[in-house]
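Working notes for the structure below.
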Amino acid sequence: MTAVATAVRPAPPAGRASAHRSRTNLIPTVILLIGALYCVLPVVWILIASTKTNGELFSTPPFEPTFHGGFVTNMRALFTYDNGIFTRWAVNSVIYAVGGAALSTIVCGAAGYALGKYRFPGSVMLFRLIVAAVLLPQIMLAIPQFLLLAKFGMTNNYAAVLLPQLVSPFAIYLCKIYAEASVNDEVLEAARVDGATEWRIFVSIGARLLSPALVTVFLLQFIGIWNNFLLPYVMLNRDQLFPLTEGLYGLLIITGGQAAQYSIVIAGVLVSIVPLAILFLSLQRYWRVDLLSGGVKA
């Protein structure tokens with residue numbers, strides 16, 4: 001009888017394995033810290049710069065705050081500039097962002113649900129076109145959209161900014177994929193057996209199961225419209241219709257021998273960040289990590 005000896009590799013020392021894990025975990029931590037600093041430092045600079053006057057912006061270190069009442073002075077100058085037109089710009093931004101995001105969420109949610117749960121002639125080709133449109137930079141569409149709306153006399157008003165934002169290819173794609181994964185066909189079929197119409201099914205069942213995707217679409221559209229500059233710049237030429245992005249840009253290019261209002265613009269940027277932070281924090285609890293969870297759990 002022959003005994004076969006099996007070579008067993010000795011386990012590495014506990015100290016060496018712990019050191020290897022520490023080095024492995026250190027790299028992602030450093031990358032995350034660098035990414036966090038990249039995102040946070042501009043906001044910190046805006047907070048500090050909002051406490052400085054125009055002269056102090058260029059004569060003091062970037063991250064050294066001043067306590068000479070510059071913040072209060074800048075805010076007062078911001079809200080009293082040109083008879084308080086900043087407030088008008090803020091209201092316009094709310095109208096554009098909230099109205100455009102809400103309408104876009106309804107349109108894209110319904111379109112994504114229809115593409116995900118129904119099969120009709122041309123649905124596959126239509127979805128392929130939508131996927132192709134996702135790759136198309138939206139900035140390329142500003143001029144064609146302006147020319148199209150100009151033919152109907154619909155430029156230089158609220159509709160000129162709202163209408164081009166209604167359809168988002170990425171939002172439709174997101175809702176379609178989520179509807180396929182989250183809205184269970186058995187639940188829809190049971191509702192049809194009970195006599196519910198397709199519209200009732202969508203409102204009562206589909207929209208509720210799609211709520212995480214709809215919240216995500218609303219947030220993305222709100223941020224995109226709130227920060228949009230080119231479309232209002234192309235569509236509008238009246239100060240009373242400007243959003244915050246275009247209005248604050250106008251303060252940086254003041255002509256007629258007047259200096260650019262850097263401190264006022266920085267204060268305006270700080271104010272414009274607040275609604276985004278509030279919206280993000282308030283809607284975050286509606287998100288779902290398990291995007292593949294369906295209407296019926298196994």
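Naming works like this for the structure tokens: A, B, ... for the chains as they're shown, residue 1 at the start of each chain, ligands 1 onward in shown order.
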
Please return, as a ChimeraX atom specification, all residues of stretch 44-216 of chain A that DSSP assigns to helix (DSSP H, G or I) on the basis of the backbone. /A:44-49,54-59,70-80,85-117,123-134,138-151,158-165,169-182,185-193,198-209,211-216

The selected residues should be written to file as a short mmCIF file (atom, residue, chain, number, x, y, z; two decimals), in the first residue's frame (atoms: C-alpha atoms).
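Everything below was put into part13.cif:
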data_model
loop_
_atom_site.label_atom_id
_atom_site.label_comp_id
_atom_site.auth_asym_id
_atom_site.auth_seq_id
_atom_site.Cartn_x
_atom_site.Cartn_y
_atom_site.Cartn_z
CA VAL A 44 -16.62 75.52 0.83
CA TRP A 45 -14.99 78.18 -1.33
CA ILE A 46 -18.39 79.65 -2.23
CA LEU A 47 -19.35 79.77 1.46
CA ILE A 48 -16.12 81.58 2.33
CA ALA A 49 -16.13 83.86 -0.73
CA ASN A 54 -15.11 92.52 -4.49
CA GLY A 55 -11.78 93.84 -3.27
CA GLU A 56 -11.28 91.16 -0.65
CA LEU A 57 -11.90 88.39 -3.20
CA PHE A 58 -8.57 89.17 -4.88
CA SER A 59 -6.57 90.45 -1.90
CA GLY A 70 -19.43 91.19 3.93
CA PHE A 71 -21.97 88.36 3.89
CA VAL A 72 -24.84 90.56 5.03
CA THR A 73 -23.76 93.32 2.66
CA ASN A 74 -23.60 90.93 -0.29
CA MET A 75 -27.00 89.44 0.46
CA ARG A 76 -28.57 92.87 0.82
CA ALA A 77 -27.00 94.00 -2.45
CA LEU A 78 -28.14 90.80 -4.16
CA PHE A 79 -31.80 91.12 -3.24
CA THR A 80 -31.96 94.88 -3.84
CA ILE A 85 -34.85 91.32 -9.94
CA PHE A 86 -32.94 88.42 -8.35
CA THR A 87 -36.17 87.35 -6.64
CA ARG A 88 -37.85 87.32 -10.04
CA TRP A 89 -35.08 85.17 -11.46
CA ALA A 90 -35.44 82.75 -8.53
CA VAL A 91 -39.21 82.48 -9.09
CA ASN A 92 -38.62 81.84 -12.79
CA SER A 93 -36.13 79.08 -11.98
CA VAL A 94 -38.68 77.45 -9.67
CA ILE A 95 -41.33 77.62 -12.41
CA TYR A 96 -39.00 76.16 -15.02
CA ALA A 97 -37.50 73.47 -12.78
CA VAL A 98 -40.58 72.32 -10.86
CA GLY A 99 -42.97 72.59 -13.81
CA GLY A 100 -40.58 71.07 -16.31
CA ALA A 101 -39.50 68.26 -13.99
CA ALA A 102 -43.08 67.38 -13.03
CA LEU A 103 -44.35 67.34 -16.62
CA SER A 104 -41.29 65.46 -17.83
CA THR A 105 -41.72 62.86 -15.09
CA ILE A 106 -45.33 62.25 -16.13
CA VAL A 107 -44.51 62.02 -19.85
CA CYS A 108 -41.37 59.91 -19.47
CA GLY A 109 -42.92 57.68 -16.81
CA ALA A 110 -45.95 56.93 -19.00
CA ALA A 111 -43.75 56.38 -22.08
CA GLY A 112 -41.34 54.10 -20.23
CA TYR A 113 -44.21 52.10 -18.70
CA ALA A 114 -45.85 51.66 -22.12
CA LEU A 115 -42.60 50.53 -23.74
CA GLY A 116 -41.82 48.17 -20.88
CA LYS A 117 -45.21 46.48 -20.43
CA SER A 123 -42.16 49.47 -30.19
CA VAL A 124 -38.78 47.79 -30.62
CA MET A 125 -37.63 50.29 -33.24
CA LEU A 126 -38.92 53.17 -31.14
CA PHE A 127 -36.94 51.98 -28.13
CA ARG A 128 -33.81 51.67 -30.25
CA LEU A 129 -34.25 55.26 -31.39
CA ILE A 130 -34.62 56.37 -27.78
CA VAL A 131 -31.43 54.55 -26.80
CA ALA A 132 -29.65 56.22 -29.72
CA ALA A 133 -31.01 59.60 -28.61
CA VAL A 134 -29.44 59.08 -25.18
CA GLN A 138 -28.70 67.80 -25.63
CA ILE A 139 -26.71 70.96 -26.30
CA MET A 140 -26.90 70.16 -30.03
CA LEU A 141 -30.69 70.46 -29.96
CA ALA A 142 -30.92 74.01 -28.60
CA ILE A 143 -30.64 75.80 -31.95
CA PRO A 144 -33.01 73.42 -33.86
CA GLN A 145 -35.53 73.73 -31.03
CA PHE A 146 -35.29 77.52 -31.18
CA LEU A 147 -35.84 77.57 -34.94
CA LEU A 148 -38.80 75.22 -34.61
CA LEU A 149 -40.50 77.20 -31.84
CA ALA A 150 -39.74 80.50 -33.57
CA LYS A 151 -41.84 79.41 -36.56
CA TYR A 158 -42.15 80.30 -20.35
CA ALA A 159 -43.26 77.66 -22.85
CA ALA A 160 -40.05 78.13 -24.83
CA VAL A 161 -38.08 76.74 -21.88
CA LEU A 162 -40.63 74.20 -20.64
CA LEU A 163 -41.57 72.43 -23.88
CA PRO A 164 -38.06 71.27 -24.93
CA GLN A 165 -37.61 69.72 -21.47
CA PRO A 169 -34.53 59.92 -23.70
CA PHE A 170 -32.56 58.80 -20.66
CA ALA A 171 -35.60 59.20 -18.39
CA ILE A 172 -37.74 57.10 -20.74
CA TYR A 173 -35.01 54.48 -20.91
CA LEU A 174 -34.74 54.40 -17.11
CA CYS A 175 -38.51 54.07 -16.62
CA LYS A 176 -38.75 51.37 -19.29
CA ILE A 177 -36.02 49.22 -17.72
CA TYR A 178 -37.44 49.72 -14.23
CA ALA A 179 -40.98 48.88 -15.38
CA GLU A 180 -39.80 45.59 -16.87
CA ALA A 181 -38.03 44.65 -13.63
CA SER A 182 -40.41 46.06 -11.02
CA ASP A 185 -47.23 41.03 -15.14
CA GLU A 186 -49.31 38.85 -12.79
CA VAL A 187 -50.35 41.90 -10.79
CA LEU A 188 -51.44 43.71 -13.95
CA GLU A 189 -53.33 40.69 -15.22
CA ALA A 190 -55.16 40.34 -11.90
CA ALA A 191 -56.23 43.99 -12.17
CA ARG A 192 -57.51 43.41 -15.70
CA VAL A 193 -59.53 40.41 -14.50
CA GLU A 198 -55.36 50.25 -18.58
CA TRP A 199 -55.23 53.88 -17.44
CA ARG A 200 -56.49 52.90 -13.97
CA ILE A 201 -53.90 50.14 -13.81
CA PHE A 202 -51.12 52.57 -14.66
CA VAL A 203 -52.23 55.19 -12.13
CA SER A 204 -53.06 52.81 -9.28
CA ILE A 205 -50.44 50.09 -9.74
CA GLY A 206 -47.81 50.97 -12.33
CA ALA A 207 -47.05 54.46 -11.08
CA ARG A 208 -46.77 53.28 -7.48
CA LEU A 209 -44.35 50.49 -8.35
CA SER A 211 -42.20 55.53 -7.76
CA PRO A 212 -38.43 55.09 -7.10
CA ALA A 213 -37.70 55.57 -10.80
CA LEU A 214 -40.12 58.50 -11.03
CA VAL A 215 -38.50 60.22 -8.04
CA THR A 216 -35.09 59.72 -9.64
#

Work out how far apart atom CA of A:Val40 and atom CA of A:Gln284 are and give it in Å to one decimal. 18.9 Å

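Distance-wise, atom CA of A:Ser50 and atom CA of A:Ser263 end up 6.5 Å apart.
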
May I have the residues within 8 Å of A:Leu236 as a PyMOL selection string, using only C-alpha atoms and disregarding those fewer than 6 positions away in the same chain? chain A and resi 155-157+160+242

Deliver the residues from the most recent selection as a file, using N, CA and C atoms, as a tab-separated table (two decimals), in the first residue's frame.
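Resulting contents of again22.tsv:
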chain	number	residue	atom	x	y	z
A	155	THR	N	-41.27	81.58	-28.89
A	155	THR	CA	-40.04	81.90	-28.19
A	155	THR	C	-40.27	83.08	-27.24
A	156	ASN	N	-39.31	83.29	-26.36
A	156	ASN	CA	-39.33	84.42	-25.43
A	156	ASN	C	-40.55	84.37	-24.50
A	157	ASN	N	-40.86	83.17	-24.01
A	157	ASN	CA	-41.90	83.00	-23.01
A	157	ASN	C	-41.58	81.74	-22.21
A	160	ALA	N	-41.26	78.36	-24.05
A	160	ALA	CA	-40.05	78.13	-24.83
A	160	ALA	C	-39.00	77.36	-24.04
A	242	PHE	N	-35.68	85.62	-17.28
A	242	PHE	CA	-34.43	84.89	-17.07
A	242	PHE	C	-34.52	83.98	-15.84

Between atom CA of A:Pro243 and atom CA of A:Trp226, what is the distance, to one decimal in Å? 8.0 Å

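When only C-alpha atoms are used to measure the gap to A:Ile225, the shortest distance among A:Ile264, A:Leu251, A:Asn184, A:Leu166 belongs to A:Leu166.
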
Can you tell me, as a ChimeraX atom specification, what residues are no more than 8 Å from A:Leu248 when counting only C-alpha atoms, ignoring any on the same chain fewer than 6 positions away? /A:265,268-269
